[in-house]
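Shown next: my_file05.txt, containing compact mmCIF, C-alpha atoms and all ligand atoms.
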```txt
# COMPACT_ATOMS: atom_id res chain seq x y z
CA MET T 1 70.02 132.58 88.13
CA ALA T 2 67.64 130.26 86.33
CA ASP T 3 69.93 127.25 86.51
CA ILE T 4 70.31 127.37 90.29
CA PRO T 5 68.28 124.52 91.80
CA LYS T 6 66.04 124.89 94.86
CA THR T 7 67.68 122.04 96.78
CA MET T 8 71.17 120.63 96.99
CA LYS T 9 73.43 117.90 98.31
CA ALA T 10 74.99 118.75 101.65
CA MET T 11 76.37 117.30 104.86
CA VAL T 12 74.09 118.05 107.82
CA LEU T 13 74.97 117.59 111.49
CA TYR T 14 72.12 115.85 113.30
CA GLY T 15 73.74 115.35 116.69
CA LYS T 16 77.00 114.37 118.35
CA ASP T 17 78.93 112.10 115.96
CA ASP T 18 75.92 112.05 113.63
CA ILE T 19 76.73 113.81 110.37
CA ARG T 20 74.62 112.80 107.36
CA PHE T 21 74.72 113.23 103.60
CA VAL T 22 71.41 114.73 102.40
CA THR T 23 70.14 115.59 98.92
CA ASP T 24 67.30 117.97 99.78
CA LYS T 25 68.81 120.88 101.70
CA PRO T 26 67.41 124.23 100.49
CA VAL T 27 69.93 126.26 98.46
CA PRO T 28 70.63 129.46 100.45
CA VAL T 29 69.76 132.90 99.11
CA PRO T 30 72.40 135.66 99.32
CA GLY T 31 71.42 138.70 101.41
CA PRO T 32 72.66 142.27 100.95
CA GLY T 33 76.47 142.30 100.61
CA GLU T 34 76.57 138.53 100.12
CA VAL T 35 77.16 136.23 97.16
CA LEU T 36 76.02 132.70 96.42
CA VAL T 37 78.97 130.42 95.63
CA LYS T 38 78.91 127.05 93.89
CA VAL T 39 81.33 125.29 96.19
CA LYS T 40 84.13 123.35 94.46
CA ALA T 41 86.26 122.28 97.42
CA CYS T 42 86.16 122.40 101.23
CA GLY T 43 88.89 121.27 103.62
CA ILE T 44 88.29 119.22 106.77
CA CYS T 45 89.93 120.83 109.79
CA GLY T 46 90.58 119.76 113.38
CA THR T 47 87.88 122.25 114.40
CA ASP T 48 85.36 120.24 112.34
CA VAL T 49 86.22 117.15 114.36
CA LYS T 50 85.65 119.12 117.54
CA ILE T 51 82.26 120.36 116.28
CA ILE T 52 81.16 116.89 115.12
CA THR T 53 82.17 115.15 118.35
CA LYS T 54 81.38 117.86 120.91
CA GLY T 55 79.33 120.61 119.28
CA MET T 56 80.18 124.28 119.60
CA PRO T 57 78.59 127.37 121.21
CA ASN T 58 76.47 129.49 118.84
CA MET T 59 76.30 126.86 116.11
CA PRO T 60 73.03 126.50 114.13
CA PRO T 61 70.70 123.78 115.50
CA TYR T 62 71.21 120.05 114.93
CA GLY T 63 69.25 118.80 111.92
CA ARG T 64 69.97 121.99 109.98
CA PHE T 65 73.66 122.82 110.43
CA THR T 66 76.14 122.38 107.57
CA GLN T 67 79.80 122.72 108.59
CA GLY T 68 82.89 123.54 106.53
CA HIS T 69 84.95 126.72 106.97
CA GLU T 70 87.80 126.21 104.49
CA TRP T 71 86.09 126.50 101.12
CA ALA T 72 86.42 127.86 97.62
CA GLY T 73 84.22 127.96 94.53
CA GLU T 74 82.62 130.05 91.83
CA VAL T 75 80.25 132.99 92.30
CA VAL T 76 76.85 132.16 90.78
CA ALA T 77 74.55 134.87 92.20
CA LEU T 78 74.96 138.31 93.73
CA GLY T 79 73.02 139.74 96.68
CA GLU T 80 71.79 143.34 96.79
CA THR T 81 74.46 146.06 96.45
CA VAL T 82 77.27 143.68 95.39
CA ASP T 83 79.37 145.10 92.57
CA GLU T 84 82.80 144.08 93.92
CA PHE T 85 82.42 140.57 92.49
CA LYS T 86 80.78 139.23 89.36
CA ILE T 87 79.21 135.96 88.33
CA GLY T 88 81.90 133.47 87.36
CA ASP T 89 84.57 134.85 89.73
CA ARG T 90 86.67 132.15 91.40
CA VAL T 91 86.77 132.90 95.11
CA ALA T 92 88.12 131.58 98.41
CA ILE T 93 86.71 132.54 101.77
CA GLU T 94 88.00 133.64 105.09
CA ALA T 95 85.79 131.94 107.67
CA HIS T 96 85.41 134.97 109.95
CA LYS T 97 83.39 138.01 109.03
CA GLY T 98 83.22 140.54 111.84
CA CYS T 99 80.02 142.39 112.73
CA GLY T 100 81.58 145.62 111.45
CA ARG T 101 79.97 147.64 114.24
CA CYS T 102 81.79 146.76 117.51
CA SER T 103 84.91 148.70 118.56
CA ASN T 104 87.24 145.77 117.75
CA CYS T 105 85.84 145.47 114.22
CA ILE T 106 86.14 149.23 113.76
CA ASP T 107 89.80 148.85 114.80
CA GLY T 108 90.19 146.14 112.15
CA HIS T 109 90.50 143.34 114.70
CA TYR T 110 87.55 141.40 113.29
CA THR T 111 88.59 137.92 114.45
CA ALA T 112 88.19 139.25 118.00
CA CYS T 113 84.71 140.62 117.21
CA LEU T 114 82.83 141.49 120.39
CA ASN T 115 79.65 140.19 118.75
CA TYR T 116 81.13 136.75 117.95
CA GLY T 117 78.26 134.35 117.23
CA ARG T 118 75.66 137.14 116.95
CA VAL T 119 74.29 136.43 113.47
CA ASP T 120 71.58 139.04 114.10
CA LYS T 121 74.30 141.69 114.50
CA GLY T 122 76.08 140.70 111.30
CA HIS T 123 78.85 138.44 112.63
CA ARG T 124 79.48 135.22 110.68
CA ALA T 125 81.88 132.35 111.14
CA SER T 126 81.17 130.23 108.08
CA GLY T 127 80.73 126.57 108.97
CA MET T 128 80.77 127.41 112.69
CA THR T 129 78.04 129.92 113.58
CA ALA T 130 76.47 129.87 110.09
CA ASP T 131 76.16 127.25 107.35
CA GLY T 132 79.42 126.49 105.56
CA GLY T 133 80.94 124.69 102.62
CA PHE T 134 80.28 120.95 102.89
CA ALA T 135 77.47 121.53 100.38
CA GLU T 136 76.96 122.28 96.70
CA TYR T 137 76.19 125.94 97.43
CA ALA T 138 76.96 128.38 100.22
CA VAL T 139 76.56 132.10 100.83
CA HIS T 140 79.26 134.36 102.17
CA HIS T 141 79.75 138.08 102.77
CA ILE T 142 82.09 139.93 100.42
CA ASN T 143 84.07 141.35 103.37
CA ALA T 144 85.59 137.90 103.78
CA LEU T 145 85.88 136.84 100.13
CA TYR T 146 89.02 136.79 97.97
CA LYS T 147 89.51 136.31 94.24
CA ILE T 148 91.71 133.30 93.51
CA PRO T 149 94.75 133.93 91.27
CA ASP T 150 94.62 132.02 87.95
CA ASN T 151 97.48 129.66 88.83
CA VAL T 152 95.90 128.51 92.11
CA ASP T 153 93.25 125.78 91.84
CA PHE T 154 90.16 125.34 94.03
CA VAL T 155 91.65 122.57 96.18
CA GLN T 156 94.79 124.65 96.84
CA ALA T 157 92.62 127.69 97.58
CA THR T 158 91.00 125.92 100.55
CA TYR T 159 94.41 126.26 102.19
CA VAL T 160 94.15 130.05 102.58
CA THR T 161 92.58 129.83 106.04
CA THR T 162 95.35 127.55 107.37
CA LEU T 163 98.09 129.64 105.78
CA GLY T 164 96.25 132.79 106.83
CA CYS T 165 96.50 131.60 110.47
CA ALA T 166 100.26 131.16 110.11
CA LEU T 167 100.69 134.59 108.54
CA TRP T 168 98.49 136.16 111.22
CA ALA T 169 100.65 134.49 113.88
CA PHE T 170 103.73 136.20 112.46
CA ASP T 171 101.75 139.43 112.23
CA VAL T 172 100.73 139.43 115.91
CA SER T 173 104.18 138.23 117.01
CA GLY T 174 105.63 141.50 115.80
CA GLY T 175 106.40 141.31 112.09
CA TYR T 176 109.79 141.72 110.36
CA VAL T 177 111.71 138.51 110.93
CA ALA T 178 114.23 138.27 108.07
CA GLY T 179 117.49 136.78 109.35
CA ASP T 180 115.99 135.71 112.69
CA ALA T 181 115.48 132.26 114.19
CA ALA T 182 112.15 130.52 114.79
CA LEU T 183 111.14 127.51 116.81
CA ILE T 184 107.90 125.85 115.75
CA VAL T 185 106.57 123.05 117.93
CA GLY T 186 103.96 120.70 116.42
CA PRO T 187 104.37 119.55 112.80
CA GLY T 188 100.66 119.45 111.90
CA PRO T 189 99.09 121.53 109.10
CA ILE T 190 99.47 124.78 111.10
CA GLY T 191 103.04 124.01 112.16
CA LEU T 192 104.07 123.15 108.60
CA SER T 193 102.38 126.33 107.40
CA LEU T 194 104.41 128.28 109.96
CA VAL T 195 107.58 126.63 108.61
CA GLN T 196 106.78 127.66 105.03
CA THR T 197 105.79 131.16 106.14
CA ALA T 198 109.03 131.55 108.12
CA LYS T 199 110.96 130.59 105.00
CA ALA T 200 108.95 132.91 102.74
CA LEU T 201 109.58 135.80 105.18
CA GLY T 202 113.34 135.22 105.11
CA MET T 203 114.04 133.64 108.47
CA GLU T 204 117.50 132.15 108.63
CA THR T 205 117.12 129.38 111.19
CA ILE T 206 113.83 127.46 111.23
CA ILE T 207 113.64 124.72 113.85
CA LEU T 208 110.67 122.35 113.80
CA ALA T 209 110.08 120.14 116.85
CA GLY T 210 107.67 117.23 117.11
CA THR T 211 107.27 113.58 117.94
CA ARG T 212 106.65 111.93 114.58
CA GLU T 213 109.63 111.46 112.30
CA GLU T 214 107.62 111.28 109.06
CA ARG T 215 106.12 114.70 109.71
CA LEU T 216 109.49 116.18 110.68
CA ALA T 217 110.80 114.89 107.34
CA ILE T 218 107.99 116.77 105.56
CA GLY T 219 109.00 119.83 107.58
CA ARG T 220 112.60 119.58 106.37
CA ALA T 221 111.40 119.30 102.77
CA ALA T 222 109.14 122.32 103.35
CA GLY T 223 111.91 124.57 104.62
CA ALA T 224 112.85 123.68 108.20
CA THR T 225 116.63 124.06 108.56
CA HIS T 226 116.67 121.80 111.64
CA THR T 227 114.29 119.35 113.27
CA VAL T 228 114.19 118.09 116.84
CA ASN T 229 112.45 114.83 117.67
CA ILE T 230 111.15 115.45 121.18
CA LYS T 231 110.57 111.74 121.74
CA GLU T 232 114.16 110.78 120.99
CA GLU T 233 115.92 113.89 122.25
CA ALA T 234 116.28 113.87 126.04
CA ASP T 235 117.07 117.60 126.15
CA ALA T 236 115.05 119.30 123.41
CA LEU T 237 115.67 122.77 124.83
CA GLY T 238 119.42 122.11 124.97
CA LYS T 239 119.30 121.05 121.32
CA VAL T 240 117.50 124.25 120.26
CA MET T 241 120.00 126.33 122.24
CA ALA T 242 122.92 124.48 120.65
CA ILE T 243 121.52 125.09 117.15
CA THR T 244 121.19 128.83 117.85
CA GLY T 245 124.57 129.19 119.56
CA GLY T 246 122.90 129.68 122.95
CA ARG T 247 120.88 132.67 121.77
CA GLY T 248 117.48 131.03 121.43
CA CYS T 249 114.84 132.06 118.89
CA GLU T 250 113.41 135.53 118.35
CA ARG T 251 110.06 133.90 117.58
CA THR T 252 108.67 130.69 119.03
CA PHE T 253 105.30 129.20 118.07
CA ASP T 254 103.37 126.59 120.00
CA ALA T 255 101.28 124.64 117.48
CA ALA T 256 101.14 121.52 119.67
CA GLY T 257 99.14 122.79 122.65
CA ASN T 258 100.36 121.05 125.81
CA SER T 259 102.43 121.89 128.90
CA GLU T 260 105.67 120.54 127.41
CA SER T 261 105.33 122.45 124.14
CA PHE T 262 104.38 125.63 126.03
CA ASP T 263 107.41 125.33 128.30
CA LEU T 264 109.76 124.62 125.40
CA CYS T 265 108.48 127.65 123.46
CA MET T 266 108.82 129.88 126.51
CA ARG T 267 112.36 128.79 127.40
CA ALA T 268 113.61 128.69 123.81
CA ALA T 269 112.57 132.29 123.16
CA THR T 270 115.43 134.79 123.09
CA ARG T 271 115.34 137.16 126.06
CA GLY T 272 113.09 140.12 125.27
CA HIS T 273 111.37 138.34 122.39
CA VAL T 274 108.06 136.66 121.66
CA MET T 275 106.28 133.31 121.95
CA THR T 276 102.97 132.90 120.14
CA LEU T 277 100.24 130.36 120.91
CA VAL T 278 98.72 129.00 117.70
CA SER T 279 96.99 126.00 119.19
CA PHE T 280 94.08 125.06 121.38
CA TYR T 281 95.05 123.43 124.69
CA LYS T 282 93.14 120.28 125.63
CA GLN T 283 94.32 120.46 129.24
CA PRO T 284 95.25 123.32 131.58
CA VAL T 285 98.92 124.23 131.21
CA THR T 286 101.37 124.27 134.10
CA ALA T 287 104.36 126.53 133.53
CA SER T 288 106.82 128.58 135.60
CA LEU T 289 105.70 131.94 134.28
CA ASP T 290 108.31 133.71 136.37
CA TYR T 291 110.73 132.64 133.63
CA ALA T 292 108.72 134.66 131.09
CA VAL T 293 108.53 137.66 133.42
CA LEU T 294 112.23 137.57 134.39
CA ASN T 295 113.25 137.30 130.74
CA SER T 296 110.74 139.73 129.24
CA ILE T 297 109.16 137.09 127.04
CA SER T 298 105.91 138.37 125.52
CA ILE T 299 103.13 135.83 125.06
CA ARG T 300 100.75 136.42 122.15
CA THR T 301 97.75 134.41 121.00
CA VAL T 302 96.11 133.73 117.66
CA ARG T 303 92.61 132.62 116.90
CA GLY T 304 91.81 132.18 113.22
CA GLU T 305 93.23 134.19 110.35
CA GLY T 306 92.72 137.92 110.89
CA GLY T 307 94.52 140.96 109.57
CA ASN T 308 93.47 140.39 105.95
CA ASN T 309 96.11 137.65 105.83
CA CYS T 310 94.08 135.34 103.56
CA LYS T 311 94.78 137.83 100.79
CA ARG T 312 98.50 137.63 101.51
CA ALA T 313 98.25 133.83 101.70
CA LEU T 314 96.77 133.63 98.19
CA SER T 315 99.49 135.92 96.89
CA LEU T 316 102.28 133.81 98.41
CA MET T 317 100.69 130.70 96.88
CA ALA T 318 100.44 132.36 93.46
CA GLN T 319 104.09 133.41 93.74
CA GLY T 320 105.08 129.77 94.26
CA GLN T 321 106.42 130.44 97.79
CA ILE T 322 104.14 127.85 99.40
CA ASP T 323 103.93 124.20 98.44
CA THR T 324 100.45 122.97 99.33
CA SER T 325 101.02 119.47 97.95
CA ARG T 326 102.83 118.37 101.11
CA ILE T 327 99.89 119.37 103.27
CA LEU T 328 96.75 118.78 101.17
CA THR T 329 97.32 115.07 100.85
CA HIS T 330 93.88 113.62 100.02
CA THR T 331 90.63 114.54 98.26
CA PHE T 332 87.23 112.83 98.43
CA PRO T 333 83.90 113.73 96.75
CA LEU T 334 81.08 115.01 98.99
CA GLU T 335 79.25 111.68 98.70
CA LYS T 336 82.28 110.02 100.33
CA PHE T 337 82.57 112.49 103.19
CA ALA T 338 82.49 109.68 105.77
CA GLU T 339 85.51 108.01 104.16
CA GLY T 340 87.36 111.32 103.93
CA TYR T 341 86.58 112.12 107.54
CA ASP T 342 87.80 108.71 108.70
CA THR T 343 91.00 109.15 106.66
CA PHE T 344 91.59 112.56 108.27
CA VAL T 345 90.75 111.63 111.86
CA ASN T 346 92.71 108.39 111.86
CA ARG T 347 95.55 109.82 109.74
CA LYS T 348 95.18 106.93 107.34
CA ASP T 349 97.59 106.57 104.45
CA GLY T 350 99.76 109.44 105.78
CA ALA T 351 96.83 111.88 105.62
CA MET T 352 97.65 115.40 106.71
CA LYS T 353 94.77 117.46 105.35
CA VAL T 354 91.74 116.05 103.52
CA VAL T 355 89.76 118.18 101.07
CA ILE T 356 86.18 117.40 100.04
CA THR T 357 85.38 118.22 96.40
CA MET T 358 82.04 119.03 94.82
ZN ZN J 1 90.03 125.27 110.26
ZN ZN J 2 82.53 143.09 115.66
```

Turn this file's structure into structure tokens for me.
Ligand SMILES: [Zn+2]
Ligand SMILES: [Zn+2]
Amino acid sequence: MADIPKTMKAMVLYGKDDIRFVTDKPVPVPGPGEVLVKVKACGICGTDVKIITKGMPNMPPYGRFTQGHEWAGEVVALGETVDEFKIGDRVAIEAHKGCGRCSNCIDGHYTACLNYGRVDKGHRASGMTADGGFAEYAVHHINALYKIPDNVDFVQATYVTTLGCALWAFDVSGGYVAGDAALIVGPGPIGLSLVQTAKALGMETIILAGTREERLAIGRAAGATHTVNIKEEADALGKVMAITGGRGCERTFDAAGNSESFDLCMRAATRGHVMTLVSFYKQPVTASLDYAVLNSISIRTVRGEGGNNCKRALSLMAQGQIDTSRILTHTFPLEKFAEGYDTFVNRKDGAMKVVITM
């Protein structure tokens, strides 16, 4: 541990829209069950934008807080009792670590931890309620740590949380989908991850709907069998029904988060089947829920990864089932975080997902 410095470079949030590059942040010390990781890469996510511009409940105080919840790196020090990992291991994290003591955690439902935000009770959401990966070093608990397969690099490994969300969405929507049809609305990083997951799980018809043609084209290259441009198509629902021979889709996923996308997902679901919400909604949604009741449409929700799906995500990536190159479009070094952030937020140069490297 001799070569670990006392201070490090990091991004620190000082206030709303005030994130700064510092060179003197103390290097964290791993507690029992934790490891210290030399961070190699950390993805910028829409949630980071929300935290930077609006803040977030339970986050560490301004002037101290380092964000970043999609990170990967190399283990450089072990906390007390850790023998599951060794120094030099290449690891990726799952942002959420449940408290391990509430009834939901005991049931294995750790992303719905009843002690969310209670650091004193053992809950951690890296880069949200505890310091994260926009730094040279970060600590994380081994419960939410995964070894990276040899053929997956650090930048690719930052994708496990996004892909883990998509896999978890299939998990909570009811599993086993080979041969079925899916509608995915919203061709952002989550939507495109859902497309690739649907393909990897053997779905036959994969319909991606959205408003931007260039992203729909990426979706087709990534495995969507059909795309629907909601802007150009006057009757998007009619189009989905025509594609599926009037049957609709056994699984629909709203990754766009507005009233129109909600309604489309609800009405395009096959009677008796499932729509899953994989998005945050900026505005309240208005929908005729009697349609869902009359047609026995179940509505499920997903927050974060859950269900140990980051492990499955890494495996699918190692098996070559997931092409991250279409989604991880840009990298910037930590010193150029501001440029990377601007590229991500303003979708410059076709940016989809921006990864910061250390
Ligand atoms: Zn994220
Ligand atoms: Zn818990």

>> Applying 8 Å and all atoms listed in the file, which residues near region 60-63 of chain T remain after dropping the ones on its own chain fewer than 6 positions away? List them as a PyMOL selection string.
In response: chain T and resi 12-15+128-131

> Of the candidates T:Leu277, T:Val22, T:Val49, T:Leu316, which shows the shortest atom-to-atom distance to Asp342 (chain T), using all atoms listed in the file?
Replying inline: T:Val49

Using 6 Å as the limit and counting only C-alpha atoms and all ligand atoms, can you tabulate each residue of chain T that touches ligand ZN 2 (chain J), with its shortest atom-to-atom distance in Å and the two atoms involved, as a tab-separated table?
```
residue	atom	partner	partner_atom	distance
T:Gly98	CA	J:ZN2	ZN	4.6
T:Cys99	CA	J:ZN2	ZN	3.9
T:Gly100	CA	J:ZN2	ZN	5.0
T:Arg101	CA	J:ZN2	ZN	5.4
T:Cys102	CA	J:ZN2	ZN	4.2
T:Asn104	CA	J:ZN2	ZN	5.8
T:Cys105	CA	J:ZN2	ZN	4.3
T:Tyr110	CA	J:ZN2	ZN	5.8
T:Cys113	CA	J:ZN2	ZN	3.6
T:Leu114	CA	J:ZN2	ZN	5.0
T:Asn115	CA	J:ZN2	ZN	5.1
```

>> List the spatial neighbours of Cys45 (chain T) as a list in words - criterion: any atom at most 9 Å away, all atoms listed in the file, same-chain residues fewer than 6 positions off excluded.
In response: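 With the cut-off at 9 Å, the set is Gly68, His69, Glu70, Thr162, Phe344, Lys353 and Val354 of chain T.
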
How would the residues just picked look written out with C-alpha atoms as a PDB file, in the coordinates of the input?
```
ATOM      1  CA  GLY T  68      82.890 123.540 106.530  1.00  0.00           C
ATOM      2  CA  HIS T  69      84.950 126.720 106.970  1.00  0.00           C
ATOM      3  CA  GLU T  70      87.800 126.210 104.490  1.00  0.00           C
ATOM      4  CA  THR T 162      95.350 127.550 107.370  1.00  0.00           C
ATOM      5  CA  PHE T 344      91.590 112.560 108.270  1.00  0.00           C
ATOM      6  CA  LYS T 353      94.770 117.460 105.350  1.00  0.00           C
ATOM      7  CA  VAL T 354      91.740 116.050 103.520  1.00  0.00           C
TER       8      VAL T 354
END
```

> In Å, with one decimal, what is the gap from CA of Phe280 (chain T) to CA of Gly133 (chain T)?
Replying inline: 22.9 Å

>> Set the distance at 10 Å and use all atoms listed in the file: which residues neighbour Ser193 (chain T) once local chain neighbours fewer than 6 positions away are removed? I'd like the list as a PyMOL selection string.
In response: chain T and resi 159+162-167+187+199+219+222+322-324+327

> From the set T:Ile190, T:Ile206, T:Ala138, T:Ala144, which residue has the shortest atom-to-atom contact distance to ligand ZN 1 (chain J), counting all atoms listed in the file?
Replying inline: T:Ile190

> Taking only C-alpha atoms and all ligand atoms into account, which of T:Tyr116, T:Phe253, T:Phe21, T:Trp71 comes nearest ligand ZN 1 (chain J)?
Replying inline: T:Trp71

>> Can you measure CA of Met358 (chain T) to CA of Asp48 (chain T) for me? One decimal in Å is fine.
In response: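 Value for the CA of Met358 (chain T)-CA of Asp48 (chain T) distance: 17.9 Å.
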
Box along x, y and z, 8 Å on every side, all listed atoms of region 253-272 of chain T inside: centre and edge lengths in Å to one decimal, as JSON.
```
{"center_x": 107.3, "center_y": 130.3, "center_z": 123.2, "size_x": 32.3, "size_y": 35.6, "size_z": 27.4}
```

>> As an exercise, work out the distance from CA of Val228 (chain T) to CA of Leu208 (chain T) in Å and give it to one decimal place.
In response: 6.3 Å

> Which is closer to Glu34 (chain T) than all the others in T:His109, T:Lys86, T:His140, T:Lys348, using only C-alpha atoms?
Replying inline: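 Ranked by minimum distance to Glu34 (chain T), first place goes to T:His140.
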
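Residue neighbourhood of Ala10 (chain T), excluding near-sequence residues (fewer than 2 positions): Met8, Val12, Arg20, Phe21, Val22, Thr23, Asp24, Lys25, Thr66, Gly133, Phe134, Ala135, Glu136, Tyr137, Leu334 and Glu335 of chain T, at 9 Å, using only C-alpha atoms.
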
> Which one of T:Arg303, T:Lys9, T:Lys239, T:Arg90 sits closest to ligand ZN 1 (chain J) if you count only C-alpha atoms and all ligand atoms?
Replying inline: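 Among T:Arg303, T:Lys9, T:Lys239, T:Arg90, it is T:Arg303 that comes nearest to ligand ZN 1 (chain J).
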
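Minimum distance to ligand ZN 1 (chain J) across T:Pro189, T:Ala77, T:Thr7, T:Val155 (counting all atoms listed in the file) occurs at T:Pro189.
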
Please return, as a PDB file with C-alpha atoms, in the coordinates of the input, all polymer residues that have at least one atom within 9 Å of the point (98.9, 132.2, 97.0); use only C-alpha atoms and the file's own coordinate frame.
```
ATOM      1  CA  ILE T 148      91.710 133.300  93.510  1.00  0.00           C
ATOM      2  CA  PRO T 149      94.750 133.930  91.270  1.00  0.00           C
ATOM      3  CA  ASN T 151      97.480 129.660  88.830  1.00  0.00           C
ATOM      4  CA  VAL T 152      95.900 128.510  92.110  1.00  0.00           C
ATOM      5  CA  GLN T 156      94.790 124.650  96.840  1.00  0.00           C
ATOM      6  CA  ALA T 157      92.620 127.690  97.580  1.00  0.00           C
ATOM      7  CA  VAL T 160      94.150 130.050 102.580  1.00  0.00           C
ATOM      8  CA  CYS T 310      94.080 135.340 103.560  1.00  0.00           C
ATOM      9  CA  LYS T 311      94.780 137.830 100.790  1.00  0.00           C
ATOM     10  CA  ARG T 312      98.500 137.630 101.510  1.00  0.00           C
ATOM     11  CA  ALA T 313      98.250 133.830 101.700  1.00  0.00           C
ATOM     12  CA  LEU T 314      96.770 133.630  98.190  1.00  0.00           C
ATOM     13  CA  SER T 315      99.490 135.920  96.890  1.00  0.00           C
ATOM     14  CA  LEU T 316     102.280 133.810  98.410  1.00  0.00           C
ATOM     15  CA  MET T 317     100.690 130.700  96.880  1.00  0.00           C
ATOM     16  CA  ALA T 318     100.440 132.360  93.460  1.00  0.00           C
ATOM     17  CA  GLN T 319     104.090 133.410  93.740  1.00  0.00           C
ATOM     18  CA  GLY T 320     105.080 129.770  94.260  1.00  0.00           C
ATOM     19  CA  GLN T 321     106.420 130.440  97.790  1.00  0.00           C
ATOM     20  CA  ILE T 322     104.140 127.850  99.400  1.00  0.00           C
TER      21      ILE T 322
END
```
